[in-house]
>>> print(open('coords-v3.pdb').read())   # PDB, C-alpha atoms
ATOM      1  CA  MET A   3     -90.841 -77.410  28.961
ATOM      2  CA  PRO A   4     -87.268 -78.444  29.875
ATOM      3  CA  THR A   5     -84.807 -79.103  27.081
ATOM      4  CA  SER A   6     -81.926 -81.558  27.016
ATOM      5  CA  LYS A   7     -79.517 -78.619  27.535
ATOM      6  CA  THR A   8     -81.300 -77.416  30.693
ATOM      7  CA  VAL A   9     -79.145 -77.653  33.805
ATOM      8  CA  TYR A  10     -80.939 -78.075  37.114
ATOM      9  CA  PRO A  11     -79.468 -77.529  40.577
ATOM     10  CA  LEU A  12     -78.235 -80.322  42.775
ATOM     11  CA  LEU A  13     -80.691 -81.362  45.554
ATOM     12  CA  PRO A  14     -83.697 -79.751  43.829
ATOM     13  CA  LYS A  15     -86.345 -80.499  46.503
ATOM     14  CA  ALA A  16     -84.177 -79.178  49.327
ATOM     15  CA  ILE A  17     -83.410 -76.054  47.306
ATOM     16  CA  ALA A  18     -87.094 -75.641  46.432
ATOM     17  CA  MET A  19     -87.929 -75.743  50.141
ATOM     18  CA  TRP A  20     -85.276 -73.100  50.891
ATOM     19  CA  LEU A  21     -86.535 -70.852  48.082
ATOM     20  CA  ILE A  22     -90.116 -71.176  49.378
ATOM     21  CA  GLN A  23     -89.049 -70.288  52.923
ATOM     22  CA  ASN A  24     -86.570 -67.492  52.140
ATOM     23  CA  THR A  25     -87.756 -65.731  48.970
ATOM     24  CA  THR A  26     -90.888 -64.318  47.376
ATOM     25  CA  LEU A  27     -90.366 -66.180  44.094
ATOM     26  CA  THR A  28     -93.482 -67.656  42.480
ATOM     27  CA  PHE A  29     -94.122 -71.404  42.468
ATOM     28  CA  ASN A  30     -93.674 -71.396  38.685
ATOM     29  CA  GLN A  31     -90.242 -69.753  38.980
ATOM     30  CA  ILE A  32     -89.131 -72.249  41.629
ATOM     31  CA  ALA A  33     -90.532 -75.164  39.608
ATOM     32  CA  ASP A  34     -88.732 -74.037  36.445
ATOM     33  CA  PHE A  35     -85.467 -73.499  38.315
ATOM     34  CA  CYS A  36     -85.530 -76.846  40.143
ATOM     35  CA  GLY A  37     -86.997 -78.944  37.326
ATOM     36  CA  ILE A  38     -89.940 -79.980  39.518
ATOM     37  CA  HIS A  39     -93.658 -79.775  38.662
ATOM     38  CA  THR A  40     -95.524 -76.757  40.045
ATOM     39  CA  LEU A  41     -97.947 -78.981  41.983
ATOM     40  CA  GLU A  42     -95.030 -80.662  43.721
ATOM     41  CA  ILE A  43     -93.731 -77.222  44.748
ATOM     42  CA  LYS A  44     -97.184 -76.463  46.188
ATOM     43  CA  VAL A  45     -97.112 -79.747  48.142
ATOM     44  CA  ILE A  46     -93.666 -78.871  49.533
ATOM     45  CA  ALA A  47     -94.920 -75.396  50.485
ATOM     46  CA  ASP A  48     -97.979 -76.851  52.248
ATOM     47  CA  GLY A  49     -95.762 -79.223  54.210
ATOM     48  CA  GLU A  50     -97.629 -82.255  52.881
ATOM     49  CA  GLY A  51     -94.653 -83.677  51.022
ATOM     50  CA  SER A  52     -91.828 -85.686  52.445
ATOM     51  CA  ARG A  53     -91.140 -84.227  55.852
ATOM     52  CA  SER A  54     -87.600 -85.583  55.801
ATOM     53  CA  VAL A  55     -86.479 -82.994  53.220
ATOM     54  CA  VAL A  56     -84.260 -80.384  54.844
ATOM     55  CA  SER A  57     -83.940 -76.999  53.155
ATOM     56  CA  TYR A  58     -80.616 -76.275  51.481
ATOM     57  CA  SER A  59     -79.329 -72.865  50.435
ATOM     58  CA  PRO A  60     -78.455 -72.616  46.736
ATOM     59  CA  VAL A  61     -76.630 -69.349  47.461
ATOM     60  CA  SER A  62     -74.176 -70.865  49.941
ATOM     61  CA  SER A  63     -73.491 -73.731  47.527
ATOM     62  CA  LYS A  64     -72.942 -71.219  44.679
ATOM     63  CA  GLN A  65     -75.737 -72.705  42.583
ATOM     64  CA  LEU A  66     -77.623 -69.401  42.551
ATOM     65  CA  THR A  67     -76.748 -65.775  43.258
ATOM     66  CA  TRP A  68     -78.689 -63.227  45.296
ATOM     67  CA  GLU A  69     -78.766 -60.969  42.225
ATOM     68  CA  GLU A  70     -80.575 -63.683  40.272
ATOM     69  CA  ILE A  71     -83.059 -64.154  43.130
ATOM     70  CA  LYS A  72     -83.709 -60.380  43.299
ATOM     71  CA  ARG A  73     -84.311 -60.250  39.537
ATOM     72  CA  GLY A  74     -86.837 -63.064  39.906
ATOM     73  CA  GLU A  75     -88.564 -61.420  42.860
ATOM     74  CA  ASN A  76     -88.904 -58.121  40.966
ATOM     75  CA  ASP A  77     -90.243 -59.758  37.786
ATOM     76  CA  PRO A  78     -92.594 -62.761  38.279
ATOM     77  CA  THR A  79     -92.172 -63.779  34.616
ATOM     78  CA  TYR A  80     -88.356 -63.933  34.878
ATOM     79  CA  LYS A  81     -86.879 -67.442  34.819
ATOM     80  CA  ILE A  82     -84.047 -67.774  37.308
ATOM     81  CA  LYS A  83     -81.053 -69.762  36.117
ATOM     82  CA  VAL A  84     -78.323 -71.882  37.671
ATOM     83  CA  SER A  85     -75.051 -69.945  38.075
ATOM     84  CA  ASP A  86     -72.564 -70.285  35.224
ATOM     85  CA  SER A  87     -69.853 -71.779  37.434
ATOM     86  CA  LEU A  88     -72.087 -74.688  38.476
ATOM     87  CA  LYS A  89     -73.392 -75.073  34.934
ATOM     88  CA  ASN A  90     -69.839 -75.491  33.613
ATOM     89  CA  ILE A  91     -68.975 -78.007  36.328
ATOM     90  CA  ILE A  92     -72.085 -80.094  35.671
ATOM     91  CA  ILE A  93     -71.615 -80.050  31.898
ATOM     92  CA  GLU A  94     -67.932 -81.039  32.175
ATOM     93  CA  GLU A  95     -68.782 -83.823  34.618
ATOM     94  CA  ASN A  96     -71.476 -85.167  32.294
ATOM     95  CA  LYS A  97     -69.060 -85.140  29.364
ATOM     96  CA  ARG A  98     -66.445 -86.946  31.410
ATOM     97  CA  LEU A  99     -68.843 -89.613  32.640
ATOM     98  CA  LYS A 100     -70.674 -90.190  29.379
ATOM     99  CA  LYS A 101     -69.689 -93.505  27.819
ATOM    100  CA  LYS A 102     -69.585 -93.404  24.073
ATOM    101  CA  TYR A 103     -70.830 -96.327  22.023
ATOM    102  CA  THR A 104     -68.366 -97.308  19.336
ATOM    103  CA  PRO A 105     -70.008 -98.942  16.311
ATOM    104  CA  LEU A 106     -68.698-102.345  15.212
ATOM    105  CA  LYS A 107     -67.323-100.921  11.955
ATOM    106  CA  GLN A 108     -65.318 -98.318  13.856
ATOM    107  CA  ARG A 109     -64.040-100.971  16.281
ATOM    108  CA  LYS A 110     -62.705-102.893  13.292
ATOM    109  CA  CYS A 111     -61.095 -99.703  11.981
ATOM    110  CA  ARG A 112     -59.371 -99.110  15.326
ATOM    111  CA  ARG A 113     -56.875-101.930  14.746
ATOM    112  CA  ASN A 114     -56.062-100.464  11.308
ATOM    113  CA  GLY A 115     -55.325 -97.147  13.006
ATOM    114  CA  ILE A 116     -53.142 -98.884  15.585
ATOM    115  CA  MET A 117     -51.151-100.580  12.815
ATOM    116  CA  TRP A 118     -50.696 -97.257  10.999
ATOM    117  CA  LEU A 119     -49.332 -95.568  14.136
ATOM    118  CA  ILE A 120     -46.999 -98.490  14.870
ATOM    119  CA  ASN A 121     -45.625 -98.481  11.310
ATOM    120  CA  ARG A 122     -45.194 -94.699  11.154
ATOM    121  CA  TYR A 123     -44.027 -94.023  14.705
ATOM    122  CA  PRO A 124     -42.593 -97.154  16.358
ATOM    123  CA  GLU A 125     -41.147 -94.945  19.134
ATOM    124  CA  ILE A 126     -44.601 -94.238  20.608
ATOM    125  CA  PRO A 127     -45.232 -96.630  23.523
ATOM    126  CA  ASP A 128     -48.117 -99.110  23.398
ATOM    127  CA  LYS A 129     -49.758 -97.486  26.411
ATOM    128  CA  GLU A 130     -49.984 -94.104  24.633
ATOM    129  CA  ILE A 131     -51.358 -95.607  21.409
ATOM    130  CA  ALA A 132     -53.958 -97.524  23.404
ATOM    131  CA  LYS A 133     -54.969 -94.372  25.263
ATOM    132  CA  LEU A 134     -55.194 -92.318  22.056
ATOM    133  CA  LEU A 135     -57.346 -94.837  20.189
ATOM    134  CA  SER A 136     -59.367 -96.123  23.170
ATOM    135  CA  SER A 137     -57.947 -99.609  22.950
ATOM    136  CA  THR A 138     -56.007-101.855  25.308
ATOM    137  CA  LYS A 139     -52.268-102.159  25.736
ATOM    138  CA  THR A 140     -52.568-105.915  25.087
ATOM    139  CA  THR A 141     -54.211-105.328  21.711
ATOM    140  CA  VAL A 142     -51.595-102.771  20.687
ATOM    141  CA  SER A 143     -48.674-104.978  21.751
ATOM    142  CA  SER A 144     -50.140-108.034  19.976
ATOM    143  CA  ILE A 145     -50.514-105.993  16.766
ATOM    144  CA  ARG A 146     -46.942-104.694  17.196
ATOM    145  CA  ASP A 147     -45.663-108.277  17.681
ATOM    146  CA  ARG A 148     -47.854-109.464  14.800
ATOM    147  CA  THR A 149     -49.513-112.046  17.049
ATOM    148  CA  TYR A 150     -52.984-110.492  16.834
ATOM    149  CA  TRP A 151     -55.619-113.138  16.074
ATOM    150  CA  ASP A 152     -56.911-111.353  12.940
ATOM    151  CA  MET A 153     -53.587-109.988  11.691
ATOM    152  CA  SER A 154     -54.261-110.962   8.060
ATOM    153  CA  ASN A 155     -57.227-108.554   7.867
ATOM    154  CA  ILE A 156     -55.398-105.500   9.243
ATOM    155  CA  THR A 157     -54.422-102.794   6.766
ATOM    156  CA  PRO A 158     -52.644 -99.691   8.107
ATOM    157  CA  ARG A 159     -54.878 -96.606   7.812
ATOM    158  CA  ASP A 160     -54.567 -93.119   9.250
ATOM    159  CA  PRO A 161     -56.630 -92.992  12.483
ATOM    160  CA  VAL A 162     -57.415 -89.309  11.900
ATOM    161  CA  LEU A 163     -59.042 -90.102   8.551
ATOM    162  CA  LEU A 164     -60.911 -92.977  10.199
ATOM    163  CA  GLY A 165     -62.294 -90.526  12.762
ATOM    164  CA  LEU A 166     -60.727 -92.292  15.749
ATOM    165  CA  CYS A 167     -58.772 -89.289  17.029
ATOM    166  CA  HIS A 168     -57.776 -85.712  16.221
ATOM    167  CA  GLN A 169     -54.656 -84.657  14.336
ATOM    168  CA  LYS A 170     -53.562 -82.444  17.235
ATOM    169  CA  ASP A 171     -53.456 -85.515  19.509
ATOM    170  CA  VAL A 172     -51.308 -87.451  17.022
ATOM    171  CA  ASN A 173     -49.030 -84.414  16.629
ATOM    172  CA  ALA A 174     -48.665 -84.123  20.400
ATOM    173  CA  LEU A 175     -47.567 -87.762  20.653
ATOM    174  CA  LYS A 176     -45.177 -87.271  17.728
ATOM    175  CA  GLU A 177     -43.585 -84.272  19.394
ATOM    176  CA  LYS A 178     -43.331 -86.010  22.736
ATOM    177  CA  TYR A 179     -41.829 -89.323  21.630
ATOM    178  CA  VAL A 180     -40.654 -89.217  18.014
ATOM    179  CA  THR A 181     -38.711 -85.935  17.963
ATOM    180  CA  ASN A 182     -37.089 -86.712  21.327
ATOM    181  CA  ASN A 183     -35.914 -90.158  20.224
ATOM    182  CA  ARG A 184     -34.759 -89.117  16.740
ATOM    183  CA  SER A 185     -32.754 -86.149  18.023
ATOM    184  CA  LYS A 186     -30.650 -88.355  20.339
TER     185      LYS A 186
END
>>> encode(input="coords-v3.pdb", output="structure tokens")
Amino acid sequence: MPTSKTVYPLLPKAIAMWLIQNTTLTFNQIADFCGIHTLEIKVIADGEGSRSVVSYSPVSSKQLTWEEIKRGENDPTYKIKVSDSLKNIIIEENKRLKKKYTPLKQRKCRRNGIMWLINRYPEIPDKEIAKLLSSTKTTVSSIRDRTYWDMSNITPRDPVLLGLCHQKDVNALKEKYVTNNRSK
């Protein structure tokens, strides 16, 4: 049964066809590797499936190594795995693309964090504050100019304590902008 952490290869049906044609792996091994049901692998092997699928080598695309294939061929119970390099790429890409939902309470806290950064470090540009706290430059500049529509309800609070960012990110901005401007 696949878990949420399981990483499957790209183009699974094409890779399944290649593995059927070029290896002696079992249908179960191919099904587990590609994330496809065993019966679907059998259909692909019988040529009854979609005839438009062209086989694709997972070895040439660095999704699988020959060593991993040989291990699987020697031991029918062995589960072949996607190569670590592809796994890292897929995981990083998923992290990058994943949109995070920000609860309403945290969205209200964001403006408090913006105000705290503006009061403590006025040298940091609006663009950098917006990027750090996932806000917009317009919101940051309106809070800085005190023209924000809900200005009366904003109380400066440390964005790290609010959970909006990490201390290392705030320190990096401090080093980049505050120490440079104060040393001049």
>>> residues_around(input="coords-v3.pdb", residues="Asp171 of chain A", least_positions_apart="2", cutoff="12 Å", atoms="only C-alpha atoms", output="list in words")
Glu130, Ile131, Lys133, Leu134, Leu135, Pro161, Val162, Leu166, Cys167, His168, Gln169, Asn173, Ala174, Leu175, Lys176, Glu177 and Lys178 of chain A
>>> closest_residue(input="coords-v3.pdb", among="A:Ser154, A:Ser85, A:Ser57, A:Thr104", to="Glu69 of chain A", atoms="only C-alpha atoms")
A:Ser85
>>> residues_around(input="coords-v3.pdb", residues="Ile32 of chain A", least_positions_apart="3", cutoff="10 Å", atoms="all atoms listed in the file", output="NGL selection string")
:A and (14-15 or 17-19 or 21-22 or 25-29 or 35-40 or 43 or 74 or 81-82)
>>> closest_residue(input="coords-v3.pdb", among="A:Asp128, A:Leu88, A:Asp152, A:Ser136", to="Gln108 of chain A", atoms="only C-alpha atoms")
A:Ser136
>>> closest_residue(input="coords-v3.pdb", among="A:Ser143, A:Thr67, A:Thr181, A:Ser59", to="Met117 of chain A", atoms="all atoms listed in the file")
A:Ser143
>>> resolve_selection(input="coords-v3.pdb", expression="the PyMOL selection byres ((chain A and resi 125) around 10)", output="ChimeraX atom specification")
/A:119-124,126-128,175-176,178-184
>>> atom_distance(input="coords-v3.pdb", atom1="atom CA of Ala47 of chain A", atom2="atom CA of Pro60 of chain A")
17.1 Å
>>> closest_residue(input="coords-v3.pdb", among="A:Cys111, A:Leu13, A:Ile71, A:Ile116", to="Gln31 of chain A", atoms="all atoms listed in the file")
A:Ile71
>>> residues_near_point(input="coords-v3.pdb", point="(-59.2, -104.1, 23.8)", cutoff="12 Å", atoms="only C-alpha atoms", output="list of chain:residue names")
A:Arg109, A:Lys110, A:Arg112, A:Arg113, A:Ile116, A:Lys129, A:Ile131, A:Ala132, A:Lys133, A:Leu135, A:Ser136, A:Ser137, A:Thr138, A:Lys139, A:Thr140, A:Thr141, A:Val142, A:Ser143, A:Ser144, A:Ile145, A:Tyr150
>>> atom_distance(input="coords-v3.pdb", atom1="atom CA of Tyr10 of chain A", atom2="atom CA of Pro78 of chain A")
19.3 Å
>>> closest_residue(input="coords-v3.pdb", among="A:Val172, A:Tyr103, A:Glu94, A:Lys72", to="Trp118 of chain A", atoms="all atoms listed in the file")
A:Val172
>>> closest_residue(input="coords-v3.pdb", among="A:Gly165, A:Ile46, A:Val84, A:Lys64", to="Pro105 of chain A", atoms="all atoms listed in the file")
A:Gly165
>>> decode(input="coords-v3.pdb", residues="segment 150-180 of chain A", atoms="N, CA and C atoms", output="compact mmCIF listing (two decimals), in the first residue's frame")
# COMPACT_ATOMS: atom_id res chain seq x y z
N TYR A 150 -2.72 52.49 6.65
CA TYR A 150 -3.39 51.19 6.55
C TYR A 150 -4.81 51.32 7.08
N TRP A 151 -5.76 50.67 6.46
CA TRP A 151 -7.18 50.85 6.77
C TRP A 151 -7.53 50.45 8.21
N ASP A 152 -6.80 49.53 8.81
CA ASP A 152 -7.10 49.06 10.16
C ASP A 152 -5.95 49.38 11.11
N MET A 153 -5.37 50.54 10.94
CA MET A 153 -4.16 50.93 11.69
C MET A 153 -4.40 50.93 13.20
N SER A 154 -5.60 51.27 13.63
CA SER A 154 -5.88 51.37 15.07
C SER A 154 -5.82 50.01 15.77
N ASN A 155 -5.96 48.93 15.05
CA ASN A 155 -5.93 47.59 15.65
C ASN A 155 -4.59 46.89 15.52
N ILE A 156 -3.56 47.59 15.04
CA ILE A 156 -2.24 46.99 14.88
C ILE A 156 -1.40 47.26 16.12
N THR A 157 -0.86 46.18 16.70
CA THR A 157 0.06 46.32 17.83
C THR A 157 1.34 45.60 17.44
N PRO A 158 2.49 46.28 17.51
CA PRO A 158 3.75 45.65 17.10
C PRO A 158 4.07 44.41 17.94
N ARG A 159 4.30 43.28 17.24
CA ARG A 159 4.66 42.03 17.91
C ARG A 159 5.72 41.34 17.09
N ASP A 160 6.62 40.66 17.78
CA ASP A 160 7.74 39.97 17.14
C ASP A 160 7.22 38.88 16.20
N PRO A 161 7.54 38.95 14.90
CA PRO A 161 7.04 37.96 13.95
C PRO A 161 7.58 36.55 14.20
N VAL A 162 8.72 36.45 14.85
CA VAL A 162 9.27 35.12 15.18
C VAL A 162 8.39 34.46 16.24
N LEU A 163 8.00 35.22 17.25
CA LEU A 163 7.13 34.69 18.30
C LEU A 163 5.74 34.38 17.77
N LEU A 164 5.32 35.10 16.74
CA LEU A 164 4.02 34.84 16.12
C LEU A 164 4.06 33.63 15.20
N GLY A 165 5.26 33.15 14.89
CA GLY A 165 5.41 31.99 14.03
C GLY A 165 5.34 32.32 12.55
N LEU A 166 5.58 33.58 12.19
CA LEU A 166 5.50 34.00 10.79
C LEU A 166 6.80 33.79 10.03
N CYS A 167 7.92 33.73 10.76
CA CYS A 167 9.21 33.54 10.11
C CYS A 167 10.19 32.97 11.14
N HIS A 168 11.41 32.71 10.70
CA HIS A 168 12.45 32.18 11.58
C HIS A 168 13.39 33.30 11.99
N GLN A 169 14.00 33.15 13.16
CA GLN A 169 14.92 34.15 13.67
C GLN A 169 16.12 34.32 12.75
N LYS A 170 16.58 33.24 12.14
CA LYS A 170 17.74 33.34 11.24
C LYS A 170 17.44 34.23 10.05
N ASP A 171 16.18 34.23 9.57
CA ASP A 171 15.81 35.09 8.45
C ASP A 171 15.80 36.56 8.86
N VAL A 172 15.29 36.84 10.07
CA VAL A 172 15.30 38.21 10.58
C VAL A 172 16.74 38.67 10.79
N ASN A 173 17.58 37.80 11.34
CA ASN A 173 18.99 38.15 11.56
C ASN A 173 19.70 38.43 10.24
N ALA A 174 19.38 37.66 9.22
CA ALA A 174 20.01 37.87 7.91
C ALA A 174 19.64 39.24 7.35
N LEU A 175 18.37 39.62 7.49
CA LEU A 175 17.96 40.95 7.02
C LEU A 175 18.62 42.05 7.85
N LYS A 176 18.72 41.83 9.16
CA LYS A 176 19.38 42.81 10.02
C LYS A 176 20.82 43.01 9.59
N GLU A 177 21.52 41.92 9.37
CA GLU A 177 22.93 42.02 8.96
C GLU A 177 23.07 42.72 7.62
N LYS A 178 22.17 42.42 6.71
CA LYS A 178 22.27 42.96 5.36
C LYS A 178 21.98 44.45 5.30
N TYR A 179 20.94 44.90 6.00
CA TYR A 179 20.51 46.29 5.87
C TYR A 179 20.85 47.17 7.07
N VAL A 180 20.62 46.67 8.27
CA VAL A 180 20.78 47.51 9.46
C VAL A 180 22.24 47.78 9.76
